[in-house]
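Visitor: The structure under discussion is supplied below as structure tokens; questions concerning it will follow.
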Amino acid sequence: MAKPRVLVTRRWPEAVEAKMAEVFDLTINRDDRPLGPEDIRGAIGDYDAVLPTVTDRLPGMVFDTPKARTKILANYGVGFAHIDTDAAKSHGIAVTNTPDVLSECTADIAMTLMLMVARRAGEGERELRDGRWTGWRPTHLVGTKVSGATLGIIGFGRIGQAMAQRAHHGFGMKILVQNRSKVAPEILARYNAVQVETVEDLLPQCDFVSLHCPGGAANRHLINARRLDLMKPTAFLINTARGEVVAEHALAQALWFGTIGGAGLDVFEREPLIHPDLKDADNLVMLPHLGSATRETREAMGFRVFDNLMDFFEGRAPRDRVA
């Protein structure tokens with residue numbers, strides 16, 4: 001029986017690529033650059049499975065091909081807003097993702113951003129590298145205490161809960177939660193957390209706000225100028241969710257005019273392009289989408305894709321099917 005033809009759209013960890021090559025007729029995009037819509041459309045006509053990442057855009061038009069061969073899109077990542085799942089489903093194409101395996105590392109990065117921006121670590125490092133440090137003094141780069149502060153978490157799934165674990169049990173933070181559905185009392189009790197009804201209820205109460213909600217049209221610009229105005233002028237916004245969740249122009253204005261204390265971003269609305277008004281904001285820490293960037297997690301994500309493919313091609317229901 002012929003091996004299924006599989007396209008990996010970006011370079012993956014070597015261990016995962018080697019395992020895939022043992023089982024599938026594997027093609028790897030060795031240029032390691034995002035594929036364009038026409039490339040994706042062509043791949044859907046040529047391969048039994050396409051394995052996209054968040055850098056690949058799969059709008060409805062890529063599925064409009066009379067010779068579609070692809071039967072499964074096994075996404076490398078949790079979020080799948082970059083895939084038109086309704087269009088995929090209408091063409092008989094299954095979609096899977098990779099939940100669970102990146103929650104801990106993404107929460108680590110959110111915590112890193114929160115500590116960095118609160119304690120002005122980015123500013124301090126730039127000062128040292130530029131040779132501008134003149135020595136210790138009582139008023140130098142005075143930041144904000146994280147321990148014991150109030151953290152608001154928007155989106156209380158696996159990653160949001162992992163963030164609450166670190167913040168409450170590690171730093172003694174008070175946890176407020178806003179989630180689209182009701183969180184079970186026993187889950188809230190693990191972190192002594194309180195759920196509030198709306199984003200508007202949450203924002204004015206928090207010293208830090210960390211975003212862990214899905215991307216996509218439903219949450220596009222969830223944090224906008226009006227909601228930024230509800231935050232304390234000393235509060236900090238952290239985003240490791242999806243770039244489109246934050247209206248970047250409004251955030252830049254809030255940072256420049258001091259209507260919030262600062263922000264930490266690991267994701268951006270038009271990656272890899274960065275809004276020009278964000279680049280020179282000293283009260284902003286930016287990382288290049290490092291949430292899941294550990295060897296252990298990136299390999300685990302790839303092997304999770306492999307498991308979904310094996311289930312699919314052996315006639316079992318993939319455990320991570322989302323469409």
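Chain lettering (A, B, ...) mirrors the order of the structure tokens, residue numbering begins at 1 for each chain separately, and ligand numbering begins at 1 in order of display.
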DSSP on the backbone, strand (DSSP E) only: what residues of stretch 209-306 of chain A does that give? Format it as a list in words.
Guide: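 Taking stretch 209-306 of chain A and keeping strand (DSSP E) gives Val209, Ser210, Leu211, Phe236, Leu237, Ile238, Asn239, Gly262, Ala263, Gly264, Leu265, Leu284, Val285 and Met286 of chain A.
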Visitor: Quick one: everything within 10 Å of A:Val267, counting only C-alpha atoms, minus sequence neighbours fewer than 2 positions away in the same chain. Send it as a list in words.
Guide: Ile238, Asn239, Thr240, Ala241, Arg242, Gly243, Glu244, Val245, Val246, Gly264, Leu265, Glu269, Arg270, Glu271, Pro272, Ile274, Met286, Leu287, Pro288, His289, Leu290 and Gly291 of chain A
Visitor: Using the selection just defined, write its residues with N, CA and C atoms as a CSV table (one decimal), in the first residue's frame.
Guide:
```
chain,number,residue,atom,x,y,z
A,238,ILE,N,-0.5,41.9,29.2
A,238,ILE,CA,0.4,40.8,28.7
A,238,ILE,C,-0.4,40.0,27.6
A,239,ASN,N,0.2,39.8,26.4
A,239,ASN,CA,-0.5,39.0,25.4
A,239,ASN,C,0.4,37.9,24.8
A,240,THR,N,0.1,36.7,25.1
A,240,THR,CA,0.7,35.5,24.5
A,240,THR,C,-0.3,34.7,23.8
A,241,ALA,N,-1.5,35.3,23.5
A,241,ALA,CA,-2.6,34.6,22.9
A,241,ALA,C,-2.5,34.6,21.3
A,242,ARG,N,-3.1,35.6,20.7
A,242,ARG,CA,-3.0,35.9,19.3
A,242,ARG,C,-2.9,37.4,19.1
A,243,GLY,N,-2.1,37.8,18.1
A,243,GLY,CA,-1.9,39.2,17.9
A,243,GLY,C,-3.2,40.0,17.7
A,244,GLU,N,-4.1,39.4,16.9
A,244,GLU,CA,-5.3,40.2,16.5
A,244,GLU,C,-6.2,40.5,17.7
A,245,VAL,N,-6.0,39.9,18.9
A,245,VAL,CA,-6.8,40.2,20.1
A,245,VAL,C,-6.6,41.6,20.6
A,246,VAL,N,-5.5,42.2,20.2
A,246,VAL,CA,-5.2,43.6,20.7
A,246,VAL,C,-5.2,44.5,19.5
A,264,GLY,N,3.5,43.7,27.7
A,264,GLY,CA,4.5,42.6,27.2
A,264,GLY,C,3.8,41.8,26.1
A,265,LEU,N,4.4,41.7,25.0
A,265,LEU,CA,3.8,41.1,23.8
A,265,LEU,C,4.7,40.0,23.3
A,269,GLU,N,-0.2,41.5,15.5
A,269,GLU,CA,-1.3,41.4,14.6
A,269,GLU,C,-0.9,41.0,13.2
A,270,ARG,N,0.2,41.5,12.7
A,270,ARG,CA,0.7,41.2,11.3
A,270,ARG,C,2.1,40.7,11.3
A,271,GLU,N,2.3,39.7,12.1
A,271,GLU,CA,3.6,39.0,12.2
A,271,GLU,C,4.1,38.7,10.8
A,272,PRO,N,5.4,38.9,10.6
A,272,PRO,CA,6.4,39.4,11.5
A,272,PRO,C,6.6,40.9,11.5
A,274,ILE,N,5.9,44.6,12.7
A,274,ILE,CA,5.6,45.2,14.0
A,274,ILE,C,5.1,46.6,13.8
A,286,MET,N,8.9,43.2,24.1
A,286,MET,CA,8.5,42.4,23.0
A,286,MET,C,9.4,41.1,22.8
A,287,LEU,N,8.7,40.0,22.5
A,287,LEU,CA,9.4,38.8,22.2
A,287,LEU,C,8.9,38.3,20.8
A,288,PRO,N,9.8,37.6,20.0
A,288,PRO,CA,9.4,37.1,18.7
A,288,PRO,C,8.6,35.8,18.7
A,289,HIS,N,7.4,35.8,19.3
A,289,HIS,CA,6.5,34.6,19.3
A,289,HIS,C,7.3,33.3,19.8
A,290,LEU,N,7.7,33.4,21.1
A,290,LEU,CA,8.5,32.4,21.7
A,290,LEU,C,7.7,31.5,22.6
A,291,GLY,N,6.4,31.6,22.7
A,291,GLY,CA,5.6,30.9,23.7
A,291,GLY,C,5.9,29.4,23.8
```
Visitor: Please, which residues of stretch 32-281 of chain A, numbered as in this document, come out alpha helix (DSSP H) from DSSP, as a count of residues only?
Guide: 73
Visitor: Could you work out how far atom CA of A:Arg295 lies from atom CA of A:Ser103, giving the answer in Å with one decimal?
Guide: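 Computing the Euclidean distance for atom CA of A:Ser103 and atom CA of A:Arg295 yields 14.1 Å.
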Visitor: Just want the 12 Å neighbourhood of A:Gly302, counted on only C-alpha atoms, with same-chain residues fewer than 4 positions away dropped. Output as a ChimeraX atom specification.
Guide: /A:8,10-20,51-53,74-78,97-99,101-102,292,295-298,306-309
Visitor: Show which residues sit within 8 Å of A:Lys71, as number ranges by chain. Count only C-alpha atoms, and ignore same-chain residues fewer than 6 positions away.
Guide: A: 48-49, 92-94
Visitor: Would you mind reading off the distance between atom CA of A:Ile175 and atom CA of A:Val146, one decimal, in Å?
Guide: 12.5 Å
Visitor: Any idea what the distance is between atom CA of A:Ala281 and atom CA of A:Gly122?
Guide: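 Pair atom CA of A:Ala281 / atom CA of A:Gly122 returns 10.9 Å.
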Visitor: Name all residues at most 8 Å from stretch 111-115 of chain A (count only C-alpha atoms; drop same-chain ones fewer than 3 positions away) and give them as a VMD selection string.
Guide: chain A and resid 107 to 108 118 to 119 121 146 163 166 to 167 208 236 238 263 to 265 285 to 286
Visitor: Could you take the residues named above and write them with N, CA and C atoms, as a PDB file, in the first residue's frame?
Guide:
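As written to disk, again28.pdb reads:
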```pdb
ATOM      1  N   ALA A 107       2.730  29.567  29.276  1.00  0.00           N
ATOM      2  CA  ALA A 107       2.529  30.258  30.551  1.00  0.00           C
ATOM      3  C   ALA A 107       3.854  30.774  31.108  1.00  0.00           C
ATOM      4  N   ASP A 108       4.936  30.021  30.897  1.00  0.00           N
ATOM      5  CA  ASP A 108       6.260  30.497  31.328  1.00  0.00           C
ATOM      6  C   ASP A 108       6.618  31.811  30.643  1.00  0.00           C
ATOM      7  N   ALA A 118       7.212  44.622  34.405  1.00  0.00           N
ATOM      8  CA  ALA A 118       6.980  45.206  35.727  1.00  0.00           C
ATOM      9  C   ALA A 118       8.276  45.716  36.345  1.00  0.00           C
ATOM     10  N   ARG A 119       9.365  44.961  36.163  1.00  0.00           N
ATOM     11  CA  ARG A 119      10.640  45.334  36.781  1.00  0.00           C
ATOM     12  C   ARG A 119      11.578  46.066  35.818  1.00  0.00           C
ATOM     13  N   ALA A 121      13.004  45.286  33.061  1.00  0.00           N
ATOM     14  CA  ALA A 121      14.201  44.526  32.702  1.00  0.00           C
ATOM     15  C   ALA A 121      14.687  44.854  31.296  1.00  0.00           C
ATOM     16  N   VAL A 146       5.389  42.618  41.682  1.00  0.00           N
ATOM     17  CA  VAL A 146       4.478  41.619  41.145  1.00  0.00           C
ATOM     18  C   VAL A 146       3.839  40.795  42.266  1.00  0.00           C
ATOM     19  N   MET A 163      -1.069  29.711  33.853  1.00  0.00           N
ATOM     20  CA  MET A 163      -0.626  31.037  34.288  1.00  0.00           C
ATOM     21  C   MET A 163      -1.081  31.302  35.723  1.00  0.00           C
ATOM     22  N   ARG A 166       1.149  29.572  38.301  1.00  0.00           N
ATOM     23  CA  ARG A 166       2.413  30.266  38.561  1.00  0.00           C
ATOM     24  C   ARG A 166       2.189  31.534  39.378  1.00  0.00           C
ATOM     25  N   ALA A 167       1.187  32.295  38.975  1.00  0.00           N
ATOM     26  CA  ALA A 167       0.977  33.600  39.601  1.00  0.00           C
ATOM     27  C   ALA A 167       0.501  33.477  41.042  1.00  0.00           C
ATOM     28  N   PHE A 208      -2.376  43.631  36.664  1.00  0.00           N
ATOM     29  CA  PHE A 208      -1.866  42.990  35.459  1.00  0.00           C
ATOM     30  C   PHE A 208      -3.030  42.272  34.789  1.00  0.00           C
ATOM     31  N   PHE A 236      -0.596  46.693  33.697  1.00  0.00           N
ATOM     32  CA  PHE A 236       0.183  46.153  32.579  1.00  0.00           C
ATOM     33  C   PHE A 236      -0.630  45.103  31.829  1.00  0.00           C
ATOM     34  N   ILE A 238      -0.504  41.869  29.163  1.00  0.00           N
ATOM     35  CA  ILE A 238       0.369  40.811  28.661  1.00  0.00           C
ATOM     36  C   ILE A 238      -0.403  40.009  27.613  1.00  0.00           C
ATOM     37  N   ALA A 263       3.260  47.099  28.793  1.00  0.00           N
ATOM     38  CA  ALA A 263       2.732  45.885  28.161  1.00  0.00           C
ATOM     39  C   ALA A 263       3.877  44.946  27.820  1.00  0.00           C
ATOM     40  N   GLY A 264       3.527  43.673  27.679  1.00  0.00           N
ATOM     41  CA  GLY A 264       4.459  42.647  27.218  1.00  0.00           C
ATOM     42  C   GLY A 264       3.786  41.828  26.144  1.00  0.00           C
ATOM     43  N   LEU A 265       4.400  41.741  24.961  1.00  0.00           N
ATOM     44  CA  LEU A 265       3.788  41.069  23.814  1.00  0.00           C
ATOM     45  C   LEU A 265       4.701  39.976  23.273  1.00  0.00           C
ATOM     46  N   VAL A 285       7.708  45.443  26.463  1.00  0.00           N
ATOM     47  CA  VAL A 285       8.643  44.341  26.226  1.00  0.00           C
ATOM     48  C   VAL A 285       8.071  43.497  25.104  1.00  0.00           C
ATOM     49  N   MET A 286       8.897  43.169  24.106  1.00  0.00           N
ATOM     50  CA  MET A 286       8.455  42.367  22.965  1.00  0.00           C
ATOM     51  C   MET A 286       9.352  41.141  22.796  1.00  0.00           C
TER      52      MET A 286
END
```
Visitor: Produce a table with one row for each residue of stretch 177-278 of chain A that has an atom at most 9 Å from any atom of stretch 157-160 of chain A, each row naming the nearest atom pair and its distance in Å at one decimal; use only C-alpha atoms; arrange rows by chain and rising residue number; format as CSV.
Guide:
```
residue,atom,partner,partner_atom,distance
A:Val177,CA,A:Gly160,CA,8.9
A:Asn179,CA,A:Gly157,CA,8.4
A:Ser210,CA,A:Gly160,CA,8.2
A:Leu211,CA,A:Gly160,CA,7.9
A:His212,CA,A:Gly160,CA,5.5
A:Cys213,CA,A:Gly157,CA,7.9
```
Visitor: With N, CA, C and O atoms retained, export the selected residues as a JSON list (two decimals), in the first residue's frame.
Guide:
```json
[["chain", "number", "residue", "atom", "x", "y", "z"],
["A", 177, "VAL", "N", -10.82, 36.11, 36.91],
["A", 177, "VAL", "CA", -10.96, 35.37, 35.66],
["A", 177, "VAL", "C", -12.16, 35.87, 34.89],
["A", 177, "VAL", "O", -13.24, 36.07, 35.46],
["A", 179, "ASN", "N", -14.08, 34.48, 31.42],
["A", 179, "ASN", "CA", -14.09, 33.37, 30.47],
["A", 179, "ASN", "C", -15.45, 33.34, 29.80],
["A", 179, "ASN", "O", -16.46, 33.71, 30.39],
["A", 210, "SER", "N", -3.60, 39.39, 31.70],
["A", 210, "SER", "CA", -2.92, 38.45, 30.81],
["A", 210, "SER", "C", -3.96, 37.78, 29.90],
["A", 210, "SER", "O", -4.96, 37.25, 30.38],
["A", 211, "LEU", "N", -3.70, 37.82, 28.59],
["A", 211, "LEU", "CA", -4.65, 37.32, 27.60],
["A", 211, "LEU", "C", -4.31, 35.89, 27.21],
["A", 211, "LEU", "O", -3.20, 35.60, 26.79],
["A", 212, "HIS", "N", -5.30, 35.02, 27.34],
["A", 212, "HIS", "CA", -5.14, 33.60, 26.98],
["A", 212, "HIS", "C", -6.37, 33.07, 26.25],
["A", 212, "HIS", "O", -6.71, 31.89, 26.36],
["A", 213, "CYS", "N", -7.02, 33.95, 25.51],
["A", 213, "CYS", "CA", -8.24, 33.61, 24.79],
["A", 213, "CYS", "C", -7.91, 33.24, 23.34],
["A", 213, "CYS", "O", -6.83, 33.55, 22.85]]
```
